[in-house]
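Trainee: A single structure is presented below for examination.
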Amino acid sequence: MQTSAGWVGTPTHSANSDLSRHIDAAGASEGTHVASGATFACVAPHHVHQSEGVYVIVWGRPAWRTAEGLAEDPSPAKKALEEFRGKGSAFLEAMFGNFSIAVLKPADRYALLAIDRMGIERLAWTANSERLIFSRDAEFVAKAPGVQAPIRRQALLSYIYFHMIPAPETAFENVFKLMPAMALEWRNGQIREFRYWLPQFVPDGSGSFPELKDELHASLTRALISAKADEHTGAFLSGGLDSSTVAGFLAKTTPKFAKTFSIGFGFPDYDETHFARIANQRFNCQPTEYEVTADDICDLIPFVARGYDEPFGNASAVPVFCCARLAKQHGIDHLLAGDGGDEIFGGNKRYAEQIVFERYQRVPRLLRSLLLEPMLGHLPDAVAVSVLRKGRNYIRQAKTPLPDRFENWNFLHRLGFTTMLHDDFITSVDLEGQLNHMRNVYQSAPDASLVDKMLYYDWHFTLADNDLRKVNRMCELAGVRVSYPMLHQDVIDLSIRVPADMKMRGTHLRSFFKDAMVDFLPTEIIHKTKHGFGLPFGLWLQRSPRLAELINDNLANLLNRRIVRPDFLNKLRTLHNQEDAHYYGVLIWNFAMLEQWFQEHGVSI
């Protein structure tokens, strides 16, 4: 897999040559740029500009404010260099869109790395006193000459905990990736990391709904226009709120080119093609559908695992790839995705759940400690039935502070670390590490309402580390470029100006957005239950001998790595066959994909 990469610094001559060859092999088809104390190679889409010993490399599609609004520059690397010369690293504050950027001054032993505000693009790095190595691929950095980083066992615990590895961590020792809106300066071996943007949410009770509604529609129109849709552009369409909105605005702005691509699964509880057809009919789109099967899963598990530079366990990556491949087969090289709407307008179920739990904190402390908690907390299980048991469980969860409470459902907490994980693995990791990272992200949020703080938190964990990574990589593998209209800066800015009590009225998800779309989206879609790209893996596993054989082989091989307890994996397969196939199927998938990643990347621990 080709990648974009580079180094800056003063390693030994031998290391210099080895790094240049390593980087040249990554991007030789696009050419390698060499300067004294720096080498980099880029794979399109990219932009490079050099002037007076300063090199700028830009990936993605950055934009700047003009009198007419946000606009892209035909030479973004040149534009960025001009801004850098005038403002230094502060120029990032006026850079928008999706981008990753590297500014190199080899003679001064200086480098600046940054990625966009929502983490659509990516950049990994490692550094010491002599050099900085960077790439869009963490594995490439880890395998660079002079690095050869081993697998980080703590990162494997992150994978088991989150089903992905959140930034700034990577799967490799001393290799890191930038978090959204973060930048890194390397100067003479010294590192400074800083955040160049933080949203400023408005307080509750502010804003006018009619004005904000008009701004929402205007910003979405600008987002679709900036996507520059043509006859080779299409849209993912699940039939949900966001994908239907994107498809609708695509049809509104470019009616001639409104092509949509949808995935079905053959199971009613997972299949949303009925709603996709409603949207297609409403907006007169040109639809194409595909039904994913268990054989598709068998064929694609090795391919998907090979495609990620780190273990990645989001099962919906498979249908995303199938959808992108379907579009490519129909002449599409650019897809519009609806990701981000839930995280900027308050659409995830857990937001409502946490509001309910937070209400408990408003009960007077004496009433809680002297009456409610003693009464419900000491009832024996035989007595604590129905309402009483629910009350006791509610109090137990409500007393857990955020963000820890987000993970009360987590397998590791519900089943127990010592129940799931091998003793050898437990002794090599910090069992509090993941919670500490969650707390750091949550505490870094601006002073805002509960809802907005949860949104900010999910910009990291749900969007940048999960959904965007999933869609970006699967589209890359399918040979399709992807854009996110819901994450256009004008839409983000509008969402920040919508107060939390308007985004969600009480525990009603996405109140503002749904009300603003009443005259645009079909009623069935506004009021439908959220599904997304869920995968009926657990059901297929019960019915497909071929899939069962592949998964069982992976789980058996994983045992040799002494990460998971053998008795737990055996019990897990039994529970899956006898109890909730979907619930236990999620965990089976994640363990199986971890082993598949080890195999595809030739990794041992």
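The way I read the labels, and the way they are meant: chains A, B, ... in the order of the structure tokens, residue 1 as the first residue of every chain, and ligand 1 as the first ligand shown, with later ones counted on from there.
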Pull the closest atom pair for each residue of stretch 134-228 of chain A that gets at most 12 Å from stretch 559-582 of chain A, along with the distance in Å to one decimal, counting only C-alpha atoms, ordering rows by chain and then ascending residue number, as CSV.

Mentor:
residue,atom,partner,partner_atom,distance
A:Arg153,CA,A:Ile563,CA,9.2
A:Gln154,CA,A:Ile563,CA,11.2
A:Leu156,CA,A:Ile563,CA,8.7
A:Leu157,CA,A:Ile563,CA,9.0
A:Tyr159,CA,A:Ile563,CA,11.7
A:Ile160,CA,A:Val564,CA,9.9

Trainee: If DSSP is run on the backbone, what residues of stretch 185-367 of chain A are helix (DSSP H, G or I)? A reply as a VMD selection string would be ideal.

Mentor: chain A and resid 209 to 226 241 to 253 255 to 257 273 to 283 294 to 307 317 to 329 341 to 345 349 to 360 365 to 367

Trainee: What is the distance between atom CA of A:Leu184 and atom CA of A:Ile101, in Å to one decimal?

Mentor: 10.6 Å

Trainee: Would you mind reading off the distance between atom CA of A:Leu300 and atom CA of A:His274, one decimal, in Å?

Mentor: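 Spanning atom CA of A:Leu300 to atom CA of A:His274 is a straight-line distance of 25.6 Å.
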
Trainee: Between atom CA of A:Ala114 and atom CA of A:Lys228, what is the distance, to one decimal in Å?

Mentor: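 According to the coordinates, atom CA of A:Ala114 and atom CA of A:Lys228 are separated by 25.3 Å.
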
Trainee: Can you tell me, as a ChimeraX atom specification, what residues are no more than 12 Å from A:Ile225 when counting only C-alpha atoms, ignoring any on the same chain fewer than 2 positions away?

Mentor: /A:70-71,218-223,227-230,246,249-254,336,483,485,488

Trainee: Could those residues be written to a file, using N, CA, C and O atoms, as a PDB file, in the first residue's frame?

Mentor:
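Printed below is again34.pdb as written:
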ATOM      1  N   LEU A  70     -16.264  30.593   2.528  1.00  0.00           N
ATOM      2  CA  LEU A  70     -15.162  29.640   2.453  1.00  0.00           C
ATOM      3  C   LEU A  70     -14.868  29.287   1.008  1.00  0.00           C
ATOM      4  O   LEU A  70     -15.780  29.034   0.215  1.00  0.00           O
ATOM      5  N   ALA A  71     -13.591  29.252   0.680  1.00  0.00           N
ATOM      6  CA  ALA A  71     -13.198  28.912  -0.687  1.00  0.00           C
ATOM      7  C   ALA A  71     -11.867  28.187  -0.666  1.00  0.00           C
ATOM      8  O   ALA A  71     -10.990  28.473   0.165  1.00  0.00           O
ATOM      9  N   ALA A 218     -29.159  27.035   4.444  1.00  0.00           N
ATOM     10  CA  ALA A 218     -28.182  27.761   3.632  1.00  0.00           C
ATOM     11  C   ALA A 218     -26.794  27.124   3.736  1.00  0.00           C
ATOM     12  O   ALA A 218     -26.082  26.987   2.726  1.00  0.00           O
ATOM     13  N   SER A 219     -26.414  26.713   4.944  1.00  0.00           N
ATOM     14  CA  SER A 219     -25.082  26.121   5.128  1.00  0.00           C
ATOM     15  C   SER A 219     -24.993  24.763   4.444  1.00  0.00           C
ATOM     16  O   SER A 219     -23.950  24.411   3.872  1.00  0.00           O
ATOM     17  N   LEU A 220     -26.068  23.976   4.494  1.00  0.00           N
ATOM     18  CA  LEU A 220     -26.067  22.692   3.795  1.00  0.00           C
ATOM     19  C   LEU A 220     -26.005  22.879   2.282  1.00  0.00           C
ATOM     20  O   LEU A 220     -25.338  22.112   1.575  1.00  0.00           O
ATOM     21  N   THR A 221     -26.681  23.893   1.790  1.00  0.00           N
ATOM     22  CA  THR A 221     -26.604  24.200   0.354  1.00  0.00           C
ATOM     23  C   THR A 221     -25.177  24.556  -0.029  1.00  0.00           C
ATOM     24  O   THR A 221     -24.641  24.062  -1.039  1.00  0.00           O
ATOM     25  N   ARG A 222     -24.522  25.407   0.776  1.00  0.00           N
ATOM     26  CA  ARG A 222     -23.126  25.761   0.484  1.00  0.00           C
ATOM     27  C   ARG A 222     -22.219  24.542   0.570  1.00  0.00           C
ATOM     28  O   ARG A 222     -21.278  24.401  -0.228  1.00  0.00           O
ATOM     29  N   ALA A 223     -22.495  23.654   1.531  1.00  0.00           N
ATOM     30  CA  ALA A 223     -21.683  22.442   1.673  1.00  0.00           C
ATOM     31  C   ALA A 223     -21.778  21.573   0.430  1.00  0.00           C
ATOM     32  O   ALA A 223     -20.772  21.028  -0.049  1.00  0.00           O
ATOM     33  N   ALA A 227     -18.880  20.743  -2.620  1.00  0.00           N
ATOM     34  CA  ALA A 227     -18.483  19.373  -2.960  1.00  0.00           C
ATOM     35  C   ALA A 227     -18.264  19.197  -4.450  1.00  0.00           C
ATOM     36  O   ALA A 227     -17.660  18.212  -4.886  1.00  0.00           O
ATOM     37  N   LYS A 228     -18.766  20.125  -5.254  1.00  0.00           N
ATOM     38  CA  LYS A 228     -18.556  20.126  -6.703  1.00  0.00           C
ATOM     39  C   LYS A 228     -18.986  18.805  -7.332  1.00  0.00           C
ATOM     40  O   LYS A 228     -18.209  18.133  -8.025  1.00  0.00           O
ATOM     41  N   ALA A 229     -20.222  18.441  -7.075  1.00  0.00           N
ATOM     42  CA  ALA A 229     -20.756  17.189  -7.605  1.00  0.00           C
ATOM     43  C   ALA A 229     -20.862  17.252  -9.124  1.00  0.00           C
ATOM     44  O   ALA A 229     -21.211  18.289  -9.697  1.00  0.00           O
ATOM     45  N   ASP A 230     -20.561  16.130  -9.775  1.00  0.00           N
ATOM     46  CA  ASP A 230     -20.731  16.016 -11.213  1.00  0.00           C
ATOM     47  C   ASP A 230     -21.289  14.634 -11.523  1.00  0.00           C
ATOM     48  O   ASP A 230     -21.784  13.946 -10.632  1.00  0.00           O
ATOM     49  N   VAL A 246     -28.367  14.516   2.999  1.00  0.00           N
ATOM     50  CA  VAL A 246     -27.316  14.727   2.003  1.00  0.00           C
ATOM     51  C   VAL A 246     -27.829  14.394   0.602  1.00  0.00           C
ATOM     52  O   VAL A 246     -27.606  15.144  -0.356  1.00  0.00           O
ATOM     53  N   PHE A 249     -30.184  17.223  -0.529  1.00  0.00           N
ATOM     54  CA  PHE A 249     -29.514  18.452  -0.945  1.00  0.00           C
ATOM     55  C   PHE A 249     -28.680  18.233  -2.203  1.00  0.00           C
ATOM     56  O   PHE A 249     -28.495  19.174  -2.992  1.00  0.00           O
ATOM     57  N   LEU A 250     -28.196  17.017  -2.411  1.00  0.00           N
ATOM     58  CA  LEU A 250     -27.536  16.710  -3.674  1.00  0.00           C
ATOM     59  C   LEU A 250     -28.531  16.859  -4.821  1.00  0.00           C
ATOM     60  O   LEU A 250     -28.221  17.463  -5.860  1.00  0.00           O
ATOM     61  N   ALA A 251     -29.734  16.310  -4.622  1.00  0.00           N
ATOM     62  CA  ALA A 251     -30.778  16.422  -5.652  1.00  0.00           C
ATOM     63  C   ALA A 251     -31.210  17.873  -5.844  1.00  0.00           C
ATOM     64  O   ALA A 251     -31.535  18.297  -6.961  1.00  0.00           O
ATOM     65  N   LYS A 252     -31.204  18.640  -4.767  1.00  0.00           N
ATOM     66  CA  LYS A 252     -31.627  20.041  -4.840  1.00  0.00           C
ATOM     67  C   LYS A 252     -30.604  20.898  -5.589  1.00  0.00           C
ATOM     68  O   LYS A 252     -30.970  21.770  -6.396  1.00  0.00           O
ATOM     69  N   THR A 253     -29.320  20.660  -5.347  1.00  0.00           N
ATOM     70  CA  THR A 253     -28.282  21.499  -5.939  1.00  0.00           C
ATOM     71  C   THR A 253     -27.826  21.002  -7.304  1.00  0.00           C
ATOM     72  O   THR A 253     -27.406  21.801  -8.149  1.00  0.00           O
ATOM     73  N   THR A 254     -27.866  19.684  -7.519  1.00  0.00           N
ATOM     74  CA  THR A 254     -27.450  19.115  -8.813  1.00  0.00           C
ATOM     75  C   THR A 254     -28.428  18.006  -9.206  1.00  0.00           C
ATOM     76  O   THR A 254     -28.080  16.822  -9.174  1.00  0.00           O
ATOM     77  N   LEU A 336     -20.623  11.166  -1.375  1.00  0.00           N
ATOM     78  CA  LEU A 336     -20.978  12.044  -0.266  1.00  0.00           C
ATOM     79  C   LEU A 336     -21.535  11.184   0.860  1.00  0.00           C
ATOM     80  O   LEU A 336     -22.421  10.358   0.629  1.00  0.00           O
ATOM     81  N   SER A 483     -16.577  12.823   0.634  1.00  0.00           N
ATOM     82  CA  SER A 483     -16.769  14.134   1.259  1.00  0.00           C
ATOM     83  C   SER A 483     -17.885  14.032   2.294  1.00  0.00           C
ATOM     84  O   SER A 483     -18.782  13.195   2.172  1.00  0.00           O
ATOM     85  N   PRO A 485     -20.572  16.457   3.777  1.00  0.00           N
ATOM     86  CA  PRO A 485     -21.260  17.758   3.831  1.00  0.00           C
ATOM     87  C   PRO A 485     -21.700  18.174   5.226  1.00  0.00           C
ATOM     88  O   PRO A 485     -21.697  19.369   5.549  1.00  0.00           O
ATOM     89  N   HIS A 488     -18.961  20.137   6.861  1.00  0.00           N
ATOM     90  CA  HIS A 488     -18.484  21.381   6.271  1.00  0.00           C
ATOM     91  C   HIS A 488     -18.421  22.436   7.379  1.00  0.00           C
ATOM     92  O   HIS A 488     -19.276  22.470   8.271  1.00  0.00           O
TER      93      HIS A 488
END

Trainee: With only C-alpha atoms as the basis for distance, which of A:Lys259, A:Ala5, A:Glu83, A:Glu291 is at the shortest distance from A:His46?

Mentor: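 Residue with the minimum atom-to-atom distance to A:His46: A:Ala5.
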
Trainee: Within 8 Å of A:Ala279, counting only C-alpha atoms, which residues show up once you throw out same-chain ones fewer than 5 positions away? Write them as a PDB file with N, CA and C atoms, in the first residue's frame, please.

Mentor:
ATOM      1  N   GLY A 239     -31.021   5.615   4.351  1.00  0.00           N
ATOM      2  CA  GLY A 239     -32.410   5.888   4.692  1.00  0.00           C
ATOM      3  C   GLY A 239     -32.547   6.576   6.032  1.00  0.00           C
ATOM      4  N   SER A 244     -30.170  10.775   4.174  1.00  0.00           N
ATOM      5  CA  SER A 244     -31.305  11.265   3.391  1.00  0.00           C
ATOM      6  C   SER A 244     -31.203  12.773   3.170  1.00  0.00           C
ATOM      7  N   ALA A 247     -28.541  13.262   0.476  1.00  0.00           N
ATOM      8  CA  ALA A 247     -29.100  12.904  -0.825  1.00  0.00           C
ATOM      9  C   ALA A 247     -30.090  13.958  -1.301  1.00  0.00           C
ATOM     10  N   GLY A 248     -30.901  14.476  -0.390  1.00  0.00           N
ATOM     11  CA  GLY A 248     -31.881  15.493  -0.749  1.00  0.00           C
ATOM     12  C   GLY A 248     -31.240  16.781  -1.216  1.00  0.00           C
ATOM     13  N   LEU A 521     -37.634  16.679   4.489  1.00  0.00           N
ATOM     14  CA  LEU A 521     -37.507  15.224   4.528  1.00  0.00           C
ATOM     15  C   LEU A 521     -38.875  14.556   4.638  1.00  0.00           C
ATOM     16  N   PRO A 522     -39.022  13.326   4.140  1.00  0.00           N
ATOM     17  CA  PRO A 522     -40.257  12.573   4.349  1.00  0.00           C
ATOM     18  C   PRO A 522     -40.512  12.339   5.833  1.00  0.00           C
ATOM     19  N   ILE A 525     -39.010   9.256   7.554  1.00  0.00           N
ATOM     20  CA  ILE A 525     -37.576   9.288   7.865  1.00  0.00           C
ATOM     21  C   ILE A 525     -37.304  10.142   9.095  1.00  0.00           C
TER      22      ILE A 525
END

Trainee: Which residues are near A:Ile496? Cut-off 8 Å, only C-alpha atoms, ignore same chain within fewer than 2 positions. Put them as a list in words.

Mentor: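 Once the nearby chain positions are removed, what remains is Pro199, Gln200, Phe201, Val202, Ile344, Ile492, Asp493, Leu494, Val498 and Pro499 of chain A.
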
Trainee: Keeping only all heavy atoms, write those residues as a tab-separated table (two decimals), in the first residue's frame.

Mentor:
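Output file result_23.tsv is given in full below:
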chain	number	residue	atom	x	y	z
A	199	PRO	N	-14.15	24.85	19.99
A	199	PRO	CA	-15.46	25.44	19.72
A	199	PRO	C	-15.96	26.24	20.92
A	199	PRO	O	-15.67	25.91	22.07
A	199	PRO	CB	-16.35	24.23	19.46
A	199	PRO	CG	-15.70	23.12	20.23
A	199	PRO	CD	-14.22	23.38	20.11
A	200	GLN	N	-16.72	27.27	20.64
A	200	GLN	CA	-17.33	28.09	21.69
A	200	GLN	C	-18.85	27.98	21.54
A	200	GLN	O	-19.47	28.70	20.77
A	200	GLN	CB	-16.87	29.54	21.57
A	200	GLN	CG	-15.38	29.72	21.74
A	200	GLN	CD	-14.88	29.25	23.10
A	200	GLN	OE1	-15.50	29.54	24.12
A	200	GLN	NE2	-13.78	28.52	23.11
A	201	PHE	N	-19.43	27.04	22.27
A	201	PHE	CA	-20.86	26.79	22.19
A	201	PHE	C	-21.64	27.94	22.86
A	201	PHE	O	-21.20	28.50	23.86
A	201	PHE	CB	-21.22	25.48	22.88
A	201	PHE	CG	-20.60	24.26	22.25
A	201	PHE	CD1	-19.46	23.68	22.79
A	201	PHE	CD2	-21.16	23.69	21.12
A	201	PHE	CE1	-18.89	22.55	22.22
A	201	PHE	CE2	-20.60	22.57	20.54
A	201	PHE	CZ	-19.46	21.99	21.09
A	202	VAL	N	-22.80	28.25	22.31
A	202	VAL	CA	-23.63	29.31	22.88
A	202	VAL	C	-24.40	28.75	24.08
A	202	VAL	O	-24.65	27.54	24.18
A	202	VAL	CB	-24.62	29.88	21.85
A	202	VAL	CG1	-23.87	30.47	20.67
A	202	VAL	CG2	-25.61	28.81	21.39
A	344	ILE	N	-23.09	16.49	15.86
A	344	ILE	CA	-23.13	17.95	15.94
A	344	ILE	C	-24.51	18.47	16.32
A	344	ILE	O	-24.64	19.60	16.80
A	344	ILE	CB	-22.63	18.62	14.64
A	344	ILE	CG1	-23.53	18.28	13.46
A	344	ILE	CG2	-21.19	18.24	14.37
A	344	ILE	CD1	-23.15	19.04	12.20
A	492	ILE	N	-20.79	23.12	10.75
A	492	ILE	CA	-20.25	23.03	12.12
A	492	ILE	C	-20.48	24.34	12.86
A	492	ILE	O	-20.96	24.35	14.01
A	492	ILE	CB	-18.75	22.70	12.09
A	492	ILE	CG1	-18.50	21.32	11.50
A	492	ILE	CG2	-18.15	22.80	13.49
A	492	ILE	CD1	-18.98	20.18	12.34
A	493	ASP	N	-20.16	25.45	12.23
A	493	ASP	CA	-20.33	26.75	12.88
A	493	ASP	C	-21.79	27.00	13.24
A	493	ASP	O	-22.10	27.54	14.31
A	493	ASP	CB	-19.82	27.86	11.97
A	493	ASP	CG	-18.31	27.87	11.83
A	493	ASP	OD1	-17.64	27.22	12.66
A	493	ASP	OD2	-17.79	28.51	10.90
A	494	LEU	N	-22.69	26.61	12.35
A	494	LEU	CA	-24.12	26.77	12.64
A	494	LEU	C	-24.52	25.91	13.82
A	494	LEU	O	-25.24	26.36	14.72
A	494	LEU	CB	-24.93	26.41	11.38
A	494	LEU	CG	-26.46	26.41	11.42
A	494	LEU	CD1	-27.06	25.15	11.97
A	494	LEU	CD2	-27.01	27.62	12.16
A	498	VAL	N	-26.39	26.77	17.69
A	498	VAL	CA	-27.69	26.25	18.14
A	498	VAL	C	-27.54	25.84	19.60
A	498	VAL	O	-26.74	24.97	19.93
A	498	VAL	CB	-28.13	25.03	17.30
A	498	VAL	CG1	-29.45	24.46	17.83
A	498	VAL	CG2	-28.26	25.40	15.83
A	499	PRO	N	-28.28	26.46	20.52
A	499	PRO	CA	-28.13	26.12	21.94
A	499	PRO	C	-28.53	24.68	22.21
A	499	PRO	O	-29.36	24.10	21.50
A	499	PRO	CB	-29.05	27.10	22.65
A	499	PRO	CG	-30.04	27.53	21.62
A	499	PRO	CD	-29.31	27.50	20.30
